[in-house]
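Visitor: run-v1.pdb is the file, holding PDB, C-alpha atoms:
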```
ATOM      1  CA  VAL A  30      60.836  37.470 -11.024
ATOM      2  CA  GLU A  31      63.315  40.273 -10.446
ATOM      3  CA  ALA A  32      63.320  40.311  -6.635
ATOM      4  CA  VAL A  33      61.844  38.370  -3.706
ATOM      5  CA  ALA A  34      61.349  39.734  -0.189
ATOM      6  CA  SER A  35      60.214  37.544   2.707
ATOM      7  CA  ALA A  36      60.580  37.493   6.483
ATOM      8  CA  GLY A  37      63.527  35.060   6.493
ATOM      9  CA  SER A  38      65.460  35.642   3.281
ATOM     10  CA  LYS A  39      65.686  38.534   0.867
ATOM     11  CA  SER A  40      66.515  36.420  -2.204
ATOM     12  CA  GLU A  41      64.566  33.165  -2.040
ATOM     13  CA  ALA A  42      61.339  31.641  -0.680
ATOM     14  CA  SER A  43      59.947  28.178  -0.048
ATOM     15  CA  SER A  44      56.621  26.743  -1.187
ATOM     16  CA  GLY A  45      53.680  28.137   0.788
ATOM     17  CA  GLU A  46      55.628  31.131   2.075
ATOM     18  CA  ALA A  47      54.091  34.622   1.836
ATOM     19  CA  VAL A  48      56.452  36.914  -0.081
ATOM     20  CA  ASP A  49      56.624  40.222  -1.928
ATOM     21  CA  LEU A  50      57.673  39.882  -5.575
ATOM     22  CA  GLN A  51      58.972  42.356  -8.092
ATOM     23  CA  LEU A  52      57.924  41.112 -11.544
ATOM     24  CA  SER A  53      58.993  42.206 -15.007
ATOM     25  CA  GLY A  54      57.982  41.347 -18.547
ATOM     26  CA  GLY A  55      54.207  42.102 -18.286
ATOM     27  CA  PRO A  56      51.605  42.881 -19.420
ATOM     28  CA  TRP A  57      49.840  41.747 -16.257
ATOM     29  CA  PRO A  58      46.103  41.200 -15.899
ATOM     30  CA  ASP A  59      44.087  44.010 -14.403
ATOM     31  CA  LEU A  60      43.065  43.059 -10.890
ATOM     32  CA  PRO A  61      40.603  44.953  -8.706
ATOM     33  CA  ASN A  62      42.177  47.822  -6.829
ATOM     34  CA  VAL A  63      41.962  46.837  -3.154
ATOM     35  CA  GLY A  64      42.471  49.438  -0.442
ATOM     36  CA  GLY A  65      43.179  52.244  -2.916
ATOM     37  CA  ALA A  66      46.785  51.260  -3.662
ATOM     38  CA  THR A  67      48.063  49.498  -6.780
ATOM     39  CA  VAL A  68      50.421  47.347  -4.690
ATOM     40  CA  GLN A  69      47.415  45.984  -2.801
ATOM     41  CA  ALA A  70      45.663  44.917  -6.040
ATOM     42  CA  TRP A  71      47.777  41.761  -6.178
ATOM     43  CA  CYS A  72      47.424  40.935  -2.474
ATOM     44  CA  GLY A  73      46.319  37.302  -2.227
ATOM     45  CA  ALA A  74      47.497  36.385  -5.725
ATOM     46  CA  VAL A  75      48.999  32.898  -5.946
ATOM     47  CA  LEU A  76      52.104  32.187  -8.007
ATOM     48  CA  ALA A  77      52.239  28.569  -9.185
ATOM     49  CA  ASP A  78      54.035  26.295 -11.634
ATOM     50  CA  ALA A  79      52.373  26.296 -15.064
ATOM     51  CA  ASP A  80      52.144  22.482 -14.919
ATOM     52  CA  ALA A  81      50.436  22.552 -11.501
ATOM     53  CA  ALA A  82      48.325  25.697 -11.695
ATOM     54  CA  ALA A  83      46.478  26.871  -8.585
ATOM     55  CA  LYS A  84      42.720  26.301  -8.684
ATOM     56  CA  SER A  85      40.307  29.187  -8.430
ATOM     57  CA  ALA A  86      36.559  29.757  -8.326
ATOM     58  CA  GLN A  87      33.902  32.415  -8.022
ATOM     59  CA  ARG A  88      31.397  30.022  -6.398
ATOM     60  CA  LEU A  89      32.155  27.680  -3.489
ATOM     61  CA  LYS A  90      30.541  25.028  -1.348
ATOM     62  CA  ALA A  91      31.845  25.423   2.198
ATOM     63  CA  THR A  92      31.332  24.314   5.764
ATOM     64  CA  LEU A  93      31.169  27.113   8.344
ATOM     65  CA  ASP A  94      31.148  27.208  12.139
ATOM     66  CA  VAL A  95      29.044  30.216  13.126
ATOM     67  CA  LEU A  96      30.706  32.145  15.961
ATOM     68  CA  HIS A  97      28.741  35.374  16.312
ATOM     69  CA  LEU A  98      25.939  37.055  14.388
ATOM     70  CA  PRO A  99      25.353  40.815  14.482
ATOM     71  CA  ARG A 100      22.162  40.229  12.440
ATOM     72  CA  PRO A 101      20.205  37.171  11.242
ATOM     73  CA  LEU A 102      22.029  34.953   8.770
ATOM     74  CA  THR A 103      19.845  33.776   5.891
ATOM     75  CA  ALA A 104      20.284  33.053   2.176
ATOM     76  CA  GLY A 105      21.206  36.386   0.578
ATOM     77  CA  PHE A 106      23.409  37.412   3.549
ATOM     78  CA  ARG A 107      26.278  39.618   2.314
ATOM     79  CA  CYS A 108      29.649  39.671   4.047
ATOM     80  CA  VAL A 109      33.394  39.773   3.458
ATOM     81  CA  LEU A 110      35.269  36.521   2.875
ATOM     82  CA  HIS A 111      38.942  36.081   3.748
ATOM     83  CA  VAL A 112      40.819  33.134   2.238
ATOM     84  CA  HIS A 113      44.631  33.110   2.662
ATOM     85  CA  ALA A 114      45.614  36.772   1.960
ATOM     86  CA  THR A 115      42.597  37.545  -0.237
ATOM     87  CA  THR A 116      39.645  39.676   0.846
ATOM     88  CA  VAL A 117      36.535  39.567  -1.338
ATOM     89  CA  GLU A 118      32.822  40.363  -1.033
ATOM     90  CA  ALA A 119      30.631  37.268  -0.713
ATOM     91  CA  GLU A 120      26.970  36.335  -0.584
ATOM     92  CA  ILE A 121      25.425  33.191   0.875
ATOM     93  CA  GLU A 122      23.403  31.779  -2.033
ATOM     94  CA  LYS A 123      21.920  28.829  -0.159
ATOM     95  CA  ILE A 124      22.132  27.156   3.248
ATOM     96  CA  GLN A 125      22.053  23.408   2.625
ATOM     97  CA  ASP A 126      21.989  22.297   6.265
ATOM     98  CA  ALA A 127      22.763  23.420   9.808
ATOM     99  CA  THR A 128      23.954  21.226  12.670
ATOM    100  CA  ASP A 129      23.605  22.451  16.252
ATOM    101  CA  LEU A 130      27.059  21.814  17.737
ATOM    102  CA  ALA A 131      25.699  21.382  21.284
ATOM    103  CA  SER A 132      22.911  18.875  20.552
ATOM    104  CA  GLY A 133      23.927  17.408  17.185
ATOM    105  CA  VAL A 134      20.469  18.111  15.713
ATOM    106  CA  VAL A 135      20.603  18.630  11.946
ATOM    107  CA  SER A 136      18.200  20.996  10.142
ATOM    108  CA  GLU A 137      17.872  20.597   6.378
ATOM    109  CA  LYS A 138      17.472  23.828   4.362
ATOM    110  CA  PRO A 139      17.035  26.146   7.372
ATOM    111  CA  LYS A 140      15.578  29.594   6.686
ATOM    112  CA  MET A 141      17.748  31.217   9.377
ATOM    113  CA  VAL A 142      20.686  30.074  11.517
ATOM    114  CA  LYS A 143      22.244  31.080  14.819
ATOM    115  CA  ALA A 144      25.642  31.104  16.507
ATOM    116  CA  GLY A 145      26.831  27.676  17.630
ATOM    117  CA  GLN A 146      25.814  25.894  14.421
ATOM    118  CA  ARG A 147      27.881  24.239  11.677
ATOM    119  CA  LEU A 148      26.546  25.066   8.222
ATOM    120  CA  THR A 149      26.990  23.723   4.730
ATOM    121  CA  VAL A 150      26.541  26.696   2.393
ATOM    122  CA  PHE A 151      26.945  27.780  -1.201
ATOM    123  CA  LEU A 152      28.847  31.073  -1.549
ATOM    124  CA  SER A 153      28.977  33.463  -4.488
ATOM    125  CA  LEU A 154      32.067  35.723  -4.602
ATOM    126  CA  SER A 155      32.440  39.123  -6.247
ATOM    127  CA  ARG A 156      35.476  37.867  -8.172
ATOM    128  CA  GLU A 157      37.380  34.673  -8.774
ATOM    129  CA  VAL A 158      39.882  33.775  -6.018
ATOM    130  CA  ALA A 159      42.554  31.122  -5.632
ATOM    131  CA  CYS A 160      41.334  28.420  -3.255
ATOM    132  CA  ASP A 161      41.384  24.657  -2.868
ATOM    133  CA  ALA A 162      39.027  21.972  -1.603
ATOM    134  CA  GLN A 163      41.865  19.522  -0.866
ATOM    135  CA  GLY A 164      42.790  21.028   2.503
ATOM    136  CA  GLY A 165      45.736  23.246   3.391
ATOM    137  CA  ARG A 166      46.054  27.026   3.544
ATOM    138  CA  LEU A 167      43.996  27.719   0.427
ATOM    139  CA  SER A 168      40.972  25.880   1.832
ATOM    140  CA  LEU A 169      40.601  27.822   5.102
ATOM    141  CA  LEU A 170      38.227  30.763   5.132
ATOM    142  CA  MET A 171      36.646  33.321   7.405
ATOM    143  CA  LEU A 172      33.478  35.400   7.031
ATOM    144  CA  ARG A 173      33.281  38.881   8.538
ATOM    145  CA  SER A 174      30.481  41.412   8.789
ATOM    146  CA  GLU A 175      30.411  44.790  10.500
ATOM    147  CA  GLU A 176      34.021  44.318  11.682
ATOM    148  CA  THR A 177      33.083  41.055  13.444
ATOM    149  CA  THR A 178      34.211  37.540  12.585
ATOM    150  CA  ILE A 179      30.938  35.697  12.156
ATOM    151  CA  ALA A 180      32.149  32.296  10.928
ATOM    152  CA  VAL A 181      35.236  30.213  10.169
ATOM    153  CA  GLY A 182      35.375  27.171   7.952
ATOM    154  CA  LYS A 183      36.801  25.436   4.940
ATOM    155  CA  VAL A 184      36.129  25.020   1.252
ATOM    156  CA  LEU A 185      34.427  21.714   0.402
ATOM    157  CA  ASP A 186      34.113  22.135  -3.372
ATOM    158  CA  LEU A 187      34.853  24.613  -6.154
ATOM    159  CA  LEU A 188      31.716  25.182  -8.232
ATOM    160  CA  LYS A 189      31.163  26.229 -11.830
ATOM    161  CA  GLU A 190      29.490  29.564 -12.478
ATOM    162  CA  LYS A 191      25.737  29.435 -12.980
TER     163      LYS A 191
END
```
For this file, write the structure as structure tokens.

Guide:
Amino acid sequence: VEAVASAGSKSEASSGEAVDLQLSGGPWPDLPNVGGATVQAWCGAVLADADAAAKSAQRLKATLDVLHLPRPLTAGFRCVLHVHATTVEAEIEKIQDATDLASGVVSEKPKMVKAGQRLTVFLSLSREVACDAQGGRLSLLMLRSEETTIAVGKVLDLLKEK
């Protein structure tokens, strides 16, 4: 690391703090170009100790609280997932169950869900992202579609690729 820039200090950062880094000594892995700028390609990347590497996955099991739906939410629903500073395309592979938050009624394997329900879902992501099922910042996520936040939730489990 050649330089660190953060809100509080220009030369150092604490664990969990969002910072800008200037790295040397590559080569660095090719990451998807996000937003058309090379600088943005690393947005959401997690720097960790080699002995305590950050976990990542391309498939997740998550719980979601549905806030608003611009269109019906079913298996196969495509949206954008935000987890920490990462933005990635996602698809709902399967809806395991849905609990109506007002009545507490649980529906197993629902075909379609509505706002005001808590879901357990399996998500497939367009690329691998750093996340964690142990709680904390890397476990919180948000789903958006058509510039609307449709659900918020947390990662329950990191799954192996099919």

Visitor: Can you tell me how far atom CA of Ser132 of chain A sits from atom CA of Arg147 of chain A, in Å to one decimal?

Guide: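 Here the two named atoms are 11.5 Å from each other.
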
Visitor: May I have the residues within 6 Å of segment 136-142 of chain A as a list in words, using all atoms listed in the file and disregarding those fewer than 5 positions away in the same chain?

Guide: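 Returned residues: Leu102, Thr103, Ile124, Gln125, Asp126 and Ala127 of chain A.
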
Visitor: Excluding Ser174 of chain A and residues on its chain fewer than 3 positions from it, collect all residues at most 7 Å away from it, counting all atoms listed in the file, and give them as a PyMOL selection string.

Guide: chain A and resi 108-109+177-179

Visitor: Excluding same-chain residues fewer than 4 positions from segment 79-93 of chain A, what lies within 8 Å of it counting all atoms listed in the file, as a ChimeraX atom specification?

Guide: /A:75,147-161,180-190

Visitor: Need to verify the contact set: Arg107 of chain A, 8 Å, only C-alpha atoms, exclusion of same-chain residues closer than 6 positions in sequence. Can you return it as a list in words?

Guide: Glu118, Ala119, Glu120, Ile121 and Ser174 of chain A

Visitor: How many Å separate atom CA of Val95 of chain A from atom CA of Lys143 of chain A?

Guide: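 Computing it gives 7.1 Å between the two atoms.
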